Amino acid sequence: MVQVKDIINFLETLAPLHLQESYDNSGWVVGDPEQVCNGVLTALDLTLEVMDEAIEKNLNLIVVHHPPIFKGLKQILPTNPVARMLTKAIKSDLCVYAIHTNLDNVLWGVNGEIANRIGLKNTRVLSPLSDTHQKLVTFVPLTHAEMVRESLFQAGAGAIGNYRECSFNTSGMGTFKALENANPFVGEKYQQHKEEEIRIEVILPKQLQPLILTALHNSHPYETVAYDIFPLNNKFDELGAGAIGEFPAPIDEKELLLLLKTTFKTGVIKHSPYTAKKIKTVALCGGSGKSLIINALRNKVDAYVTADLGYHDFFEADGKLLLADIGHFESEQYTSELLEKAIIEKFPTFAVQKTGKNTNPVNYFL
Ligand SMILES: [Zn+2]
């Protein structure tokens, strides 16, 4: 029996809630986490049609990218379209969960998917977050250092970029005196004991801290484990907004626009003046990404692909790069498929589907 919370807990290991932006409202929207989950429908937006589809297919959890409640909602009245949807969800016993900027801020999420779809290589984050990692330092008797280190690695510590099992180890002398109620692994009570120990240092992603500390306590032989956790100011390539990558071979600007138009089935692409340069390095950000134009310029990319650009934003290209606005829905449309695939991989025998409804509220008159 799968409960709704089992699916959500899994999604939060992929895109932890603390990675959402301060203005966001990712997470639970409506429903009972303890409810038995009949199946999952994934969609970019919550609409009445998407809810009808879920009810028809007997899928009682809807995972959406855009949080339906984004601004303060002070009344639940049928005159308000959001309130109408929430009322319907509650009456129909549906659970709704939003995975928004926390999914934008992990590289495998919205932006990694866009990069894959257009064939970029060597993809990394365009605007890395800070304050995402910590350093764990612990002191282990020589005899058990290998075991503790291994179990920290197994729990996810020591991962830096394309390297795993990174640690620094120094040997030294630890001292301790066990008091009355202690049950020391080595040494006698009331006597200072000296033990040859290894100081193990590893970095860890903040969200894995509980798991890693459990691994430390389970593998460390001492009754009371000595350890320190330090905040780190480093920025890491895997967490943050937008993505940047390279094409295997440079292409023409018009070729890029054609590739975007076909890949994202966009009605029209708005773009800044051609720069007459070949396109090799591309930055991108699904959805409203105007705030990252500055990061794209700093990284000296040949093109920046995003959506929701205004008239004045196009001037920022300044002849240095090609700015392309491919549409908000268009840029993020594959997110429902990405979520569908991720949940199926974890729950292979479970009913999971992406919506068959087009929720794009923007239409093109051609
Ligand atoms: Zn969006």
# chains A, B, ... in the order shown; residues from 1 in each chain; ligands from 1
call {"tool": "residues_around", "arguments": {"residues": "stretch 257-266 of chain A", "least_positions_apart": "3", "cutoff": "7 Å", "atoms": "only C-alpha atoms", "output": "list in words"}}
result
Glu253, Lys254, Ile269, Ile326, Gly327, Glu330 and Ser331 of chain A
call {"tool": "residues_near_ligand", "arguments": {"ligand": "ligand 1", "cutoff": "7 Å", "atoms": "only C-alpha atoms and all ligand atoms", "output": "compact mmCIF listing (two decimals) with C-alpha atoms, in the first residue's frame"}}
result
# COMPACT_ATOMS: atom_id res chain seq x y z
CA HIS A 66 3.38 25.81 -10.68
CA GLY A 286 12.85 27.46 -18.15
CA GLY A 287 10.02 29.89 -17.35
CA SER A 288 10.61 33.52 -16.39
CA HIS A 328 6.85 29.92 -20.64
CA PHE A 329 4.72 26.81 -21.14
CA GLU A 332 8.72 23.90 -19.20
call {"tool": "select_by_dssp", "arguments": {"residues": "stretch 83-274 of chain A", "states": "strand (DSSP E or B)", "output": "PyMOL selection string"}}
result
chain A and resi 95-98+106+121-128+133-141+160+163+168-178+189+192-205+227-231+239-251+270-271
call {"tool": "select_by_dssp", "arguments": {"residues": "stretch 133-301 of chain A", "states": "alpha helix (DSSP H)", "output": "MDAnalysis selection string"}}
result
chainID A and resid 145:154 209:219 253:263 293:298
call {"tool": "residues_around", "arguments": {"residues": "stretch 31-37 of chain A", "least_positions_apart": "4", "cutoff": "12 Å", "atoms": "only C-alpha atoms", "output": "PDB file with C-alpha atoms, in the first residue's frame"}}
result
ATOM      1  CA  MET A   1       0.000   0.000   0.000  1.00  0.00           C
ATOM      2  CA  VAL A   2       1.481   3.343  -1.053  1.00  0.00           C
ATOM      3  CA  GLN A   3       0.450   6.459   0.831  1.00  0.00           C
ATOM      4  CA  VAL A   4       0.466   9.897  -0.771  1.00  0.00           C
ATOM      5  CA  LYS A   5       3.256  10.939   1.589  1.00  0.00           C
ATOM      6  CA  ASP A   6       5.514   8.117   0.275  1.00  0.00           C
ATOM      7  CA  ILE A   7       5.483   9.681  -3.191  1.00  0.00           C
ATOM      8  CA  ILE A   8       6.020  13.174  -1.802  1.00  0.00           C
ATOM      9  CA  ASN A   9       8.875  12.091   0.482  1.00  0.00           C
ATOM     10  CA  GLY A  27       5.037  21.901  -1.271  1.00  0.00           C
ATOM     11  CA  LEU A  41      -1.026  12.587 -12.439  1.00  0.00           C
ATOM     12  CA  ASN A  58      -8.830   7.444 -10.496  1.00  0.00           C
ATOM     13  CA  LEU A  59      -5.457   9.124  -9.775  1.00  0.00           C
ATOM     14  CA  ASN A  60      -5.827  10.944  -6.461  1.00  0.00           C
ATOM     15  CA  LEU A  61      -2.466  12.752  -6.306  1.00  0.00           C
ATOM     16  CA  ILE A  62      -1.719  15.580  -8.739  1.00  0.00           C
ATOM     17  CA  VAL A  63       1.890  16.788  -8.793  1.00  0.00           C
ATOM     18  CA  LEU A  86      -9.275  24.136  -4.456  1.00  0.00           C
ATOM     19  CA  THR A  87     -12.950  23.559  -3.619  1.00  0.00           C
ATOM     20  CA  LYS A  88     -13.188  20.976  -6.371  1.00  0.00           C
ATOM     21  CA  ALA A  89      -9.973  19.282  -5.196  1.00  0.00           C
ATOM     22  CA  ILE A  90     -11.251  19.055  -1.609  1.00  0.00           C
ATOM     23  CA  LYS A  91     -14.704  17.813  -2.641  1.00  0.00           C
ATOM     24  CA  SER A  92     -13.085  15.166  -4.848  1.00  0.00           C
ATOM     25  CA  ASP A  93     -10.581  13.979  -2.198  1.00  0.00           C
ATOM     26  CA  LEU A  94      -7.675  14.933  -4.438  1.00  0.00           C
ATOM     27  CA  CYS A  95      -4.211  15.712  -3.101  1.00  0.00           C
ATOM     28  CA  VAL A  96      -2.259  18.457  -4.835  1.00  0.00           C
ATOM     29  CA  TYR A  97       1.470  19.036  -4.400  1.00  0.00           C
ATOM     30  CA  PHE A 347       7.503   3.005  -7.981  1.00  0.00           C
ATOM     31  CA  PHE A 350       2.336   2.127  -9.671  1.00  0.00           C
ATOM     32  CA  ALA A 351      -0.143   4.124 -11.811  1.00  0.00           C
ATOM     33  CA  VAL A 352       1.702   7.296 -12.856  1.00  0.00           C
TER      34      VAL A 352
END
call {"tool": "residues_around", "arguments": {"residues": "stretch 164-179 of chain A", "least_positions_apart": "2", "cutoff": "7 Å", "atoms": "only C-alpha atoms", "output": "list in words"}}
result
Phe153, Gly158, Ala159, Ile160, Asn162, Asn181, Ala182, Pro184, Lys189, Tyr190, Gln191, Gln192, His193, Lys194, Glu195, Glu196, Glu197, Ile198, Arg199, Ile200, Glu201 and Val202 of chain A
call {"tool": "write_last_selection", "arguments": {"atoms": "C-alpha atoms", "output": "mmCIF file, in the first residue's frame"}}
result
data_model
loop_
_atom_site.group_PDB
_atom_site.id
_atom_site.type_symbol
_atom_site.label_atom_id
_atom_site.label_comp_id
_atom_site.auth_asym_id
_atom_site.auth_seq_id
_atom_site.Cartn_x
_atom_site.Cartn_y
_atom_site.Cartn_z
ATOM 1 C CA PHE A 153 30.355 7.851 1.622
ATOM 2 C CA GLY A 158 32.213 13.332 0.042
ATOM 3 C CA ALA A 159 30.670 14.058 -3.375
ATOM 4 C CA ILE A 160 32.290 16.992 -5.220
ATOM 5 C CA ASN A 162 32.431 14.477 -10.892
ATOM 6 C CA ASN A 181 27.431 6.666 33.885
ATOM 7 C CA ALA A 182 29.622 6.149 30.830
ATOM 8 C CA PRO A 184 33.463 3.505 27.246
ATOM 9 C CA LYS A 189 36.405 4.929 34.016
ATOM 10 C CA TYR A 190 37.797 7.968 35.873
ATOM 11 C CA GLN A 191 41.148 7.733 34.051
ATOM 12 C CA GLN A 192 42.262 9.866 31.166
ATOM 13 C CA HIS A 193 42.606 7.654 28.116
ATOM 14 C CA LYS A 194 44.762 8.405 25.078
ATOM 15 C CA GLU A 195 43.713 6.882 21.743
ATOM 16 C CA GLU A 196 45.287 7.073 18.321
ATOM 17 C CA GLU A 197 42.533 8.586 16.159
ATOM 18 C CA ILE A 198 41.937 9.731 12.591
ATOM 19 C CA ARG A 199 40.321 13.098 11.945
ATOM 20 C CA ILE A 200 38.044 12.525 8.940
ATOM 21 C CA GLU A 201 36.755 15.548 6.979
ATOM 22 C CA VAL A 202 34.027 15.267 4.347
#
call {"tool": "residues_around", "arguments": {"residues": "A:His220", "least_positions_apart": "3", "cutoff": "9 Å", "atoms": "only C-alpha atoms", "output": "MDAnalysis selection string"}}
result
chainID A and resid 140:141 144:145 147:148 215:217 223:225
call {"tool": "closest_residue", "arguments": {"among": "A:Asp308, A:Asp318, A:Asp325, A:Glu12", "to": "A:Thr275", "atoms": "only C-alpha atoms"}}
result
A:Asp318
call {"tool": "closest_residue", "arguments": {"among": "A:Ala303, A:Glu113, A:Ser291, A:Ala296", "to": "A:Ile251", "atoms": "only C-alpha atoms"}}
result
A:Ala303
call {"tool": "atom_distance", "arguments": {"atom1": "atom CA of A:Ile344", "atom2": "atom CA of A:Val40"}}
result
9.7 Å
call {"tool": "residues_around", "arguments": {"residues": "A:Lys135", "least_positions_apart": "5", "cutoff": "6 Å", "atoms": "only C-alpha atoms", "output": "PyMOL selection string"}}
result
chain A and resi 202-203+229-230
call {"tool": "write_last_selection", "arguments": {"atoms": "N, CA and C atoms", "output": "PDB file, in the first residue's frame"}}
result
ATOM      1  N   VAL A 202      34.772  15.476   5.598  1.00  0.00           N
ATOM      2  CA  VAL A 202      34.027  15.267   4.347  1.00  0.00           C
ATOM      3  C   VAL A 202      33.040  16.421   4.160  1.00  0.00           C
ATOM      4  N   ILE A 203      32.683  16.710   2.910  1.00  0.00           N
ATOM      5  CA  ILE A 203      31.602  17.686   2.724  1.00  0.00           C
ATOM      6  C   ILE A 203      30.304  16.928   2.483  1.00  0.00           C
ATOM      7  N   ILE A 229      30.173  20.275  12.718  1.00  0.00           N
ATOM      8  CA  ILE A 229      29.614  20.618  11.400  1.00  0.00           C
ATOM      9  C   ILE A 229      29.851  22.098  11.155  1.00  0.00           C
ATOM     10  N   PHE A 230      30.497  22.392  10.040  1.00  0.00           N
ATOM     11  CA  PHE A 230      30.801  23.787   9.689  1.00  0.00           C
ATOM     12  C   PHE A 230      29.993  24.207   8.462  1.00  0.00           C
TER      13      PHE A 230
END
call {"tool": "residues_around", "arguments": {"residues": "stretch 81-85 of chain A", "least_positions_apart": "2", "cutoff": "12 Å", "atoms": "only C-alpha atoms", "output": "MDAnalysis selection string"}}
result
chainID A and resid 29:30 45:52 67:79 87:92 94:96
call {"tool": "closest_residue", "arguments": {"among": "A:Thr335, A:Asn299, A:Ser272, A:Asn38", "to": "A:Gly112", "atoms": "only C-alpha atoms"}}
result
A:Thr335
call {"tool": "decode", "arguments": {"residues": "stretch 162-241 of chain A", "atoms": "C-alpha atoms", "output": "PDB file, in the first residue's frame"}}
result
ATOM      1  CA  ASN A 162      32.431  14.477 -10.892  1.00  0.00           C
ATOM      2  CA  TYR A 163      34.281  12.970  -7.908  1.00  0.00           C
ATOM      3  CA  ARG A 164      32.961  10.697  -5.167  1.00  0.00           C
ATOM      4  CA  GLU A 165      34.442   9.399  -1.900  1.00  0.00           C
ATOM      5  CA  CYS A 166      36.423  12.615  -1.293  1.00  0.00           C
ATOM      6  CA  SER A 167      37.790  12.971   2.238  1.00  0.00           C
ATOM      7  CA  PHE A 168      40.797  14.329   4.075  1.00  0.00           C
ATOM      8  CA  ASN A 169      42.360  12.284   6.871  1.00  0.00           C
ATOM      9  CA  THR A 170      44.922  13.236   9.467  1.00  0.00           C
ATOM     10  CA  SER A 171      46.122  11.151  12.374  1.00  0.00           C
ATOM     11  CA  GLY A 172      46.447  12.458  15.891  1.00  0.00           C
ATOM     12  CA  MET A 173      45.899  11.694  19.536  1.00  0.00           C
ATOM     13  CA  GLY A 174      42.472  11.889  21.152  1.00  0.00           C
ATOM     14  CA  THR A 175      41.972  12.051  24.924  1.00  0.00           C
ATOM     15  CA  PHE A 176      38.919  11.437  27.093  1.00  0.00           C
ATOM     16  CA  LYS A 177      37.981  10.477  30.646  1.00  0.00           C
ATOM     17  CA  ALA A 178      34.810   8.411  31.133  1.00  0.00           C
ATOM     18  CA  LEU A 179      32.535   9.445  34.022  1.00  0.00           C
ATOM     19  CA  GLU A 180      30.311   7.330  36.261  1.00  0.00           C
ATOM     20  CA  ASN A 181      27.431   6.666  33.885  1.00  0.00           C
ATOM     21  CA  ALA A 182      29.622   6.149  30.830  1.00  0.00           C
ATOM     22  CA  ASN A 183      30.195   2.834  29.115  1.00  0.00           C
ATOM     23  CA  PRO A 184      33.463   3.505  27.246  1.00  0.00           C
ATOM     24  CA  PHE A 185      34.428   1.498  24.159  1.00  0.00           C
ATOM     25  CA  VAL A 186      38.095   1.708  25.256  1.00  0.00           C
ATOM     26  CA  GLY A 187      39.808   2.874  28.457  1.00  0.00           C
ATOM     27  CA  GLU A 188      38.900   2.768  32.151  1.00  0.00           C
ATOM     28  CA  LYS A 189      36.405   4.929  34.016  1.00  0.00           C
ATOM     29  CA  TYR A 190      37.797   7.968  35.873  1.00  0.00           C
ATOM     30  CA  GLN A 191      41.148   7.733  34.051  1.00  0.00           C
ATOM     31  CA  GLN A 192      42.262   9.866  31.166  1.00  0.00           C
ATOM     32  CA  HIS A 193      42.606   7.654  28.116  1.00  0.00           C
ATOM     33  CA  LYS A 194      44.762   8.405  25.078  1.00  0.00           C
ATOM     34  CA  GLU A 195      43.713   6.882  21.743  1.00  0.00           C
ATOM     35  CA  GLU A 196      45.287   7.073  18.321  1.00  0.00           C
ATOM     36  CA  GLU A 197      42.533   8.586  16.159  1.00  0.00           C
ATOM     37  CA  ILE A 198      41.937   9.731  12.591  1.00  0.00           C
ATOM     38  CA  ARG A 199      40.321  13.098  11.945  1.00  0.00           C
ATOM     39  CA  ILE A 200      38.044  12.525   8.940  1.00  0.00           C
ATOM     40  CA  GLU A 201      36.755  15.548   6.979  1.00  0.00           C
ATOM     41  CA  VAL A 202      34.027  15.267   4.347  1.00  0.00           C
ATOM     42  CA  ILE A 203      31.602  17.686   2.724  1.00  0.00           C
ATOM     43  CA  LEU A 204      27.898  16.956   2.548  1.00  0.00           C
ATOM     44  CA  PRO A 205      24.803  18.477   0.955  1.00  0.00           C
ATOM     45  CA  LYS A 206      22.773  20.129   3.720  1.00  0.00           C
ATOM     46  CA  GLN A 207      19.640  18.147   2.999  1.00  0.00           C
ATOM     47  CA  LEU A 208      21.483  14.853   3.591  1.00  0.00           C
ATOM     48  CA  GLN A 209      22.700  15.864   7.061  1.00  0.00           C
ATOM     49  CA  PRO A 210      20.175  13.697   9.019  1.00  0.00           C
ATOM     50  CA  LEU A 211      21.010  10.602   6.925  1.00  0.00           C
ATOM     51  CA  ILE A 212      24.742  11.178   7.162  1.00  0.00           C
ATOM     52  CA  LEU A 213      24.677  11.746  10.933  1.00  0.00           C
ATOM     53  CA  THR A 214      22.685   8.524  11.344  1.00  0.00           C
ATOM     54  CA  ALA A 215      25.346   6.722   9.289  1.00  0.00           C
ATOM     55  CA  LEU A 216      28.051   8.296  11.467  1.00  0.00           C
ATOM     56  CA  HIS A 217      26.399   7.230  14.715  1.00  0.00           C
ATOM     57  CA  ASN A 218      25.672   3.713  13.433  1.00  0.00           C
ATOM     58  CA  SER A 219      29.231   3.047  12.282  1.00  0.00           C
ATOM     59  CA  HIS A 220      31.254   4.883  14.937  1.00  0.00           C
ATOM     60  CA  PRO A 221      32.286   2.604  17.847  1.00  0.00           C
ATOM     61  CA  TYR A 222      32.240   5.298  20.571  1.00  0.00           C
ATOM     62  CA  GLU A 223      29.284   5.710  22.907  1.00  0.00           C
ATOM     63  CA  THR A 224      29.475   9.479  22.444  1.00  0.00           C
ATOM     64  CA  VAL A 225      30.622  10.518  18.988  1.00  0.00           C
ATOM     65  CA  ALA A 226      32.664  13.705  18.711  1.00  0.00           C
ATOM     66  CA  TYR A 227      31.945  15.615  15.494  1.00  0.00           C
ATOM     67  CA  ASP A 228      31.748  19.190  14.200  1.00  0.00           C
ATOM     68  CA  ILE A 229      29.614  20.618  11.400  1.00  0.00           C
ATOM     69  CA  PHE A 230      30.801  23.787   9.689  1.00  0.00           C
ATOM     70  CA  PRO A 231      28.833  25.951   7.220  1.00  0.00           C
ATOM     71  CA  LEU A 232      30.519  26.395   3.822  1.00  0.00           C
ATOM     72  CA  ASN A 233      30.370  29.394   1.525  1.00  0.00           C
ATOM     73  CA  ASN A 234      31.469  27.471  -1.569  1.00  0.00           C
ATOM     74  CA  LYS A 235      29.118  27.326  -4.528  1.00  0.00           C
ATOM     75  CA  PHE A 236      28.607  23.982  -6.224  1.00  0.00           C
ATOM     76  CA  ASP A 237      27.695  23.410  -9.854  1.00  0.00           C
ATOM     77  CA  GLU A 238      24.795  21.036  -9.212  1.00  0.00           C
ATOM     78  CA  LEU A 239      22.430  23.323  -7.268  1.00  0.00           C
ATOM     79  CA  GLY A 240      21.054  26.643  -8.473  1.00  0.00           C
ATOM     80  CA  ALA A 241      19.043  28.351 -11.194  1.00  0.00           C
TER      81      ALA A 241
END
